[in-house]
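To start, the structure under review is shown below, and the notes come after it.
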Amino acid sequence: MNKDKIFKLAKGFRGRAKNCIRIARERVEKALQYSYRDRRNKKRDMRSLWIERINAGTRLHGVNYGNFMHGLMKENIQLNRKVLSELSIHEPYSFKGLVDISRNAFPGNKLAVKDGSSIAV
């Protein structure tokens, strides 16, 4: 990379990292490594967040995440985790319908009634 491009990329850095070419080159290279790595980590973090939201939504209805997803797979319902996460937050009645479908498809999702309160078995 030439000097002008490095200084353009180093704009906003602190100290000599923005105006001393050797330090700026090192900091820009490291910044580009971080950005490459974190573009992949962002995808991982978002998937993890979606799974947490789906799990929270399914547990309200007495089913855990793994059994819920297995039931959807058996019923051939192909909604991705992003959409399921949005449904669990913004459309709770639609999400409950999916939980019921999943519960009927997979025997591990059945509810047991004990003393008037429902608990997952």
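Starting from 1 in every chain, residues are counted up; chains themselves are A, B, ... following the order of the structure tokens, and ligands are numbered from 1 as listed.
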Given only C-alpha atoms, how would the per-residue table for range 26-73 of chain A near range 93-98 of chain A read, listing every residue at most 10 Å away with its closest atom pair and distance in Å to one decimal, sorted by chain and number, as a Markdown table?
```
| residue | atom | partner | partner_atom | distance |
| --- | --- | --- | --- | --- |
| A:Ile54 | CA | A:Phe95 | CA | 9.4 |
| A:Gly57 | CA | A:Phe95 | CA | 8.0 |
| A:Thr58 | CA | A:Lys96 | CA | 8.1 |
| A:Leu60 | CA | A:Lys96 | CA | 9.3 |
| A:His61 | CA | A:Lys96 | CA | 7.3 |
| A:Phe68 | CA | A:Leu98 | CA | 8.7 |
| A:Gly71 | CA | A:Leu98 | CA | 9.4 |
| A:Leu72 | CA | A:Leu98 | CA | 7.8 |
```
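Within the 12 Å cut-off around Gly12 in chain A, using only C-alpha atoms and omitting residues fewer than 6 positions from it on the same chain, the listed residues are Ile6, Lys18, Asn19, Ala24, Arg27 and Val28 of chain A.
Between Arg47 in chain A and the candidates A:Leu84, A:Ala17, A:Met1, A:Ala31, the tightest atom-to-atom separation, counting only C-alpha atoms, involves A:Leu84.
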Residue neighbourhood Glu29 in chain A, 12 Å, only C-alpha atoms, exclusion window fewer than 2 positions, as a PyMOL selection string:
chain A and resi 1+5-7+9-10+17+21-27+31-36
Would you export the selected residues with C-alpha atoms as a PDB file, in the first residue's frame, please?
```
ATOM      1  CA  MET A   1       0.000   0.000   0.000  1.00  0.00           C
ATOM      2  CA  LYS A   5      -3.743   5.056   1.253  1.00  0.00           C
ATOM      3  CA  ILE A   6      -2.272   4.100   4.636  1.00  0.00           C
ATOM      4  CA  PHE A   7      -2.802   7.578   6.046  1.00  0.00           C
ATOM      5  CA  LEU A   9      -7.069   4.331   6.460  1.00  0.00           C
ATOM      6  CA  ALA A  10      -5.294   5.519   9.635  1.00  0.00           C
ATOM      7  CA  ALA A  17      -0.525   5.893  14.606  1.00  0.00           C
ATOM      8  CA  ILE A  21       4.149   6.049   8.445  1.00  0.00           C
ATOM      9  CA  ARG A  22       5.791   3.045  10.117  1.00  0.00           C
ATOM     10  CA  ILE A  23       3.437   3.008  13.090  1.00  0.00           C
ATOM     11  CA  ALA A  24       0.451   3.845  10.891  1.00  0.00           C
ATOM     12  CA  ARG A  25       1.254   0.911   8.581  1.00  0.00           C
ATOM     13  CA  GLU A  26       1.413  -1.507  11.522  1.00  0.00           C
ATOM     14  CA  ARG A  27      -1.813  -0.222  13.053  1.00  0.00           C
ATOM     15  CA  ALA A  31      -7.010  -3.039  12.027  1.00  0.00           C
ATOM     16  CA  LEU A  32      -7.624  -4.825   8.735  1.00  0.00           C
ATOM     17  CA  GLN A  33      -6.922  -8.175  10.422  1.00  0.00           C
ATOM     18  CA  TYR A  34      -9.426  -7.333  13.151  1.00  0.00           C
ATOM     19  CA  SER A  35     -12.068  -6.288  10.634  1.00  0.00           C
ATOM     20  CA  TYR A  36     -11.604  -9.520   8.636  1.00  0.00           C
TER      21      TYR A  36
END
```
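Between CA of Lys74 in chain A and CA of Asp100 in chain A there is a distance of 13.1 Å.
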Give me the residues near range 75-82 of chain A as a VMD selection string, where near means some atom within 12 Å (using only C-alpha atoms) and where sequence neighbours in that chain fewer than 4 positions away do not count.
chain A and resid 43 46 to 55 65 68 to 71 86 to 89 95 98 to 106
Would you mind exporting N, CA and C atoms of the selected residues as a PDB file, in the first residue's frame?
```
ATOM      1  N   LYS A  43     -21.343 -12.835  12.388  1.00  0.00           N
ATOM      2  CA  LYS A  43     -22.309 -13.842  11.964  1.00  0.00           C
ATOM      3  C   LYS A  43     -22.530 -14.866  13.076  1.00  0.00           C
ATOM      4  N   MET A  46     -24.577 -13.250  15.948  1.00  0.00           N
ATOM      5  CA  MET A  46     -25.993 -13.069  15.623  1.00  0.00           C
ATOM      6  C   MET A  46     -26.737 -14.398  15.700  1.00  0.00           C
ATOM      7  N   ARG A  47     -26.139 -15.458  15.183  1.00  0.00           N
ATOM      8  CA  ARG A  47     -26.777 -16.777  15.262  1.00  0.00           C
ATOM      9  C   ARG A  47     -26.979 -17.174  16.715  1.00  0.00           C
ATOM     10  N   SER A  48     -25.994 -16.903  17.544  1.00  0.00           N
ATOM     11  CA  SER A  48     -26.090 -17.213  18.963  1.00  0.00           C
ATOM     12  C   SER A  48     -27.220 -16.426  19.626  1.00  0.00           C
ATOM     13  N   LEU A  49     -27.356 -15.158  19.276  1.00  0.00           N
ATOM     14  CA  LEU A  49     -28.425 -14.317  19.811  1.00  0.00           C
ATOM     15  C   LEU A  49     -29.793 -14.838  19.387  1.00  0.00           C
ATOM     16  N   TRP A  50     -29.932 -15.235  18.114  1.00  0.00           N
ATOM     17  CA  TRP A  50     -31.205 -15.766  17.638  1.00  0.00           C
ATOM     18  C   TRP A  50     -31.582 -17.029  18.394  1.00  0.00           C
ATOM     19  N   ILE A  51     -30.603 -17.904  18.631  1.00  0.00           N
ATOM     20  CA  ILE A  51     -30.873 -19.150  19.349  1.00  0.00           C
ATOM     21  C   ILE A  51     -31.319 -18.855  20.775  1.00  0.00           C
ATOM     22  N   GLU A  52     -30.683 -17.895  21.429  1.00  0.00           N
ATOM     23  CA  GLU A  52     -31.087 -17.527  22.794  1.00  0.00           C
ATOM     24  C   GLU A  52     -32.518 -17.020  22.815  1.00  0.00           C
ATOM     25  N   ARG A  53     -32.888 -16.202  21.855  1.00  0.00           N
ATOM     26  CA  ARG A  53     -34.247 -15.655  21.808  1.00  0.00           C
ATOM     27  C   ARG A  53     -35.278 -16.746  21.541  1.00  0.00           C
ATOM     28  N   ILE A  54     -34.960 -17.660  20.632  1.00  0.00           N
ATOM     29  CA  ILE A  54     -35.885 -18.759  20.340  1.00  0.00           C
ATOM     30  C   ILE A  54     -36.038 -19.637  21.577  1.00  0.00           C
ATOM     31  N   ASN A  55     -34.938 -19.931  22.239  1.00  0.00           N
ATOM     32  CA  ASN A  55     -34.961 -20.771  23.438  1.00  0.00           C
ATOM     33  C   ASN A  55     -35.824 -20.132  24.515  1.00  0.00           C
ATOM     34  N   TYR A  65     -35.224 -25.640  23.323  1.00  0.00           N
ATOM     35  CA  TYR A  65     -34.842 -25.253  21.965  1.00  0.00           C
ATOM     36  C   TYR A  65     -34.591 -26.466  21.067  1.00  0.00           C
ATOM     37  N   PHE A  68     -37.761 -28.277  20.137  1.00  0.00           N
ATOM     38  CA  PHE A  68     -38.553 -27.416  19.259  1.00  0.00           C
ATOM     39  C   PHE A  68     -38.029 -27.485  17.829  1.00  0.00           C
ATOM     40  N   MET A  69     -36.731 -27.342  17.660  1.00  0.00           N
ATOM     41  CA  MET A  69     -36.143 -27.368  16.316  1.00  0.00           C
ATOM     42  C   MET A  69     -36.297 -28.752  15.680  1.00  0.00           C
ATOM     43  N   HIS A  70     -36.172 -29.800  16.507  1.00  0.00           N
ATOM     44  CA  HIS A  70     -36.326 -31.158  15.982  1.00  0.00           C
ATOM     45  C   HIS A  70     -37.759 -31.375  15.495  1.00  0.00           C
ATOM     46  N   GLY A  71     -38.724 -30.873  16.268  1.00  0.00           N
ATOM     47  CA  GLY A  71     -40.125 -30.999  15.861  1.00  0.00           C
ATOM     48  C   GLY A  71     -40.412 -30.251  14.571  1.00  0.00           C
ATOM     49  N   GLU A  86     -37.493 -13.416  15.335  1.00  0.00           N
ATOM     50  CA  GLU A  86     -38.395 -12.269  15.169  1.00  0.00           C
ATOM     51  C   GLU A  86     -39.836 -12.645  15.516  1.00  0.00           C
ATOM     52  N   LEU A  87     -40.251 -13.850  15.133  1.00  0.00           N
ATOM     53  CA  LEU A  87     -41.598 -14.303  15.479  1.00  0.00           C
ATOM     54  C   LEU A  87     -41.778 -14.417  16.988  1.00  0.00           C
ATOM     55  N   SER A  88     -40.765 -14.938  17.673  1.00  0.00           N
ATOM     56  CA  SER A  88     -40.891 -15.120  19.118  1.00  0.00           C
ATOM     57  C   SER A  88     -41.015 -13.787  19.840  1.00  0.00           C
ATOM     58  N   ILE A  89     -40.444 -12.728  19.280  1.00  0.00           N
ATOM     59  CA  ILE A  89     -40.504 -11.412  19.915  1.00  0.00           C
ATOM     60  C   ILE A  89     -41.757 -10.650  19.524  1.00  0.00           C
ATOM     61  N   PHE A  95     -45.946 -17.659  17.047  1.00  0.00           N
ATOM     62  CA  PHE A  95     -44.861 -18.500  17.563  1.00  0.00           C
ATOM     63  C   PHE A  95     -45.427 -19.639  18.401  1.00  0.00           C
ATOM     64  N   LEU A  98     -46.453 -22.379  16.197  1.00  0.00           N
ATOM     65  CA  LEU A  98     -45.304 -23.199  15.770  1.00  0.00           C
ATOM     66  C   LEU A  98     -44.869 -24.148  16.879  1.00  0.00           C
ATOM     67  N   VAL A  99     -44.882 -23.660  18.118  1.00  0.00           N
ATOM     68  CA  VAL A  99     -44.507 -24.515  19.249  1.00  0.00           C
ATOM     69  C   VAL A  99     -45.486 -25.679  19.356  1.00  0.00           C
ATOM     70  N   ASP A 100     -46.780 -25.425  19.167  1.00  0.00           N
ATOM     71  CA  ASP A 100     -47.778 -26.491  19.236  1.00  0.00           C
ATOM     72  C   ASP A 100     -47.566 -27.511  18.121  1.00  0.00           C
ATOM     73  N   ILE A 101     -47.272 -27.035  16.917  1.00  0.00           N
ATOM     74  CA  ILE A 101     -47.000 -27.946  15.797  1.00  0.00           C
ATOM     75  C   ILE A 101     -45.777 -28.802  16.111  1.00  0.00           C
ATOM     76  N   SER A 102     -44.749 -28.178  16.643  1.00  0.00           N
ATOM     77  CA  SER A 102     -43.524 -28.898  16.985  1.00  0.00           C
ATOM     78  C   SER A 102     -43.786 -29.919  18.087  1.00  0.00           C
ATOM     79  N   ARG A 103     -44.591 -29.525  19.049  1.00  0.00           N
ATOM     80  CA  ARG A 103     -44.907 -30.418  20.176  1.00  0.00           C
ATOM     81  C   ARG A 103     -45.637 -31.662  19.681  1.00  0.00           C
ATOM     82  N   ASN A 104     -46.549 -31.501  18.730  1.00  0.00           N
ATOM     83  CA  ASN A 104     -47.294 -32.646  18.213  1.00  0.00           C
ATOM     84  C   ASN A 104     -46.431 -33.539  17.335  1.00  0.00           C
ATOM     85  N   ALA A 105     -45.426 -32.971  16.697  1.00  0.00           N
ATOM     86  CA  ALA A 105     -44.584 -33.743  15.782  1.00  0.00           C
ATOM     87  C   ALA A 105     -43.562 -34.604  16.508  1.00  0.00           C
ATOM     88  N   PHE A 106     -43.127 -34.145  17.680  1.00  0.00           N
ATOM     89  CA  PHE A 106     -42.039 -34.832  18.377  1.00  0.00           C
ATOM     90  C   PHE A 106     -42.506 -35.220  19.772  1.00  0.00           C
TER      91      PHE A 106
END
```
DSSP helix (DSSP H, G or I) selection over chain A, as JSON, numbers by chain:
{"A": [3, 4, 5, 6, 7, 8, 9, 15, 16, 17, 18, 21, 22, 23, 24, 25, 26, 27, 28, 29, 30, 31, 32, 33, 34, 35, 36, 37, 38, 39, 40, 41, 42, 43, 44, 45, 46, 47, 48, 49, 50, 51, 52, 53, 54, 55, 56, 57, 58, 59, 65, 66, 67, 68, 69, 70, 71, 72, 73, 74, 81, 82, 83, 84, 85, 86, 87, 88, 89, 90, 92, 93, 94, 95, 96, 97, 98, 99, 100, 101, 102, 103, 104, 105, 107, 108, 109]}
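With distances restricted to only C-alpha atoms, A:Cys20 is the closest residue to Asp4 in chain A from A:Cys20, A:Asp38, A:Val83, A:Asn64.
Note that CA of Lys42 in chain A and CA of Gly15 in chain A are 28.5 Å apart.
One distance worth recording is that between CA of Lys8 in chain A and CA of Asn41 in chain A, which is 25.6 Å.
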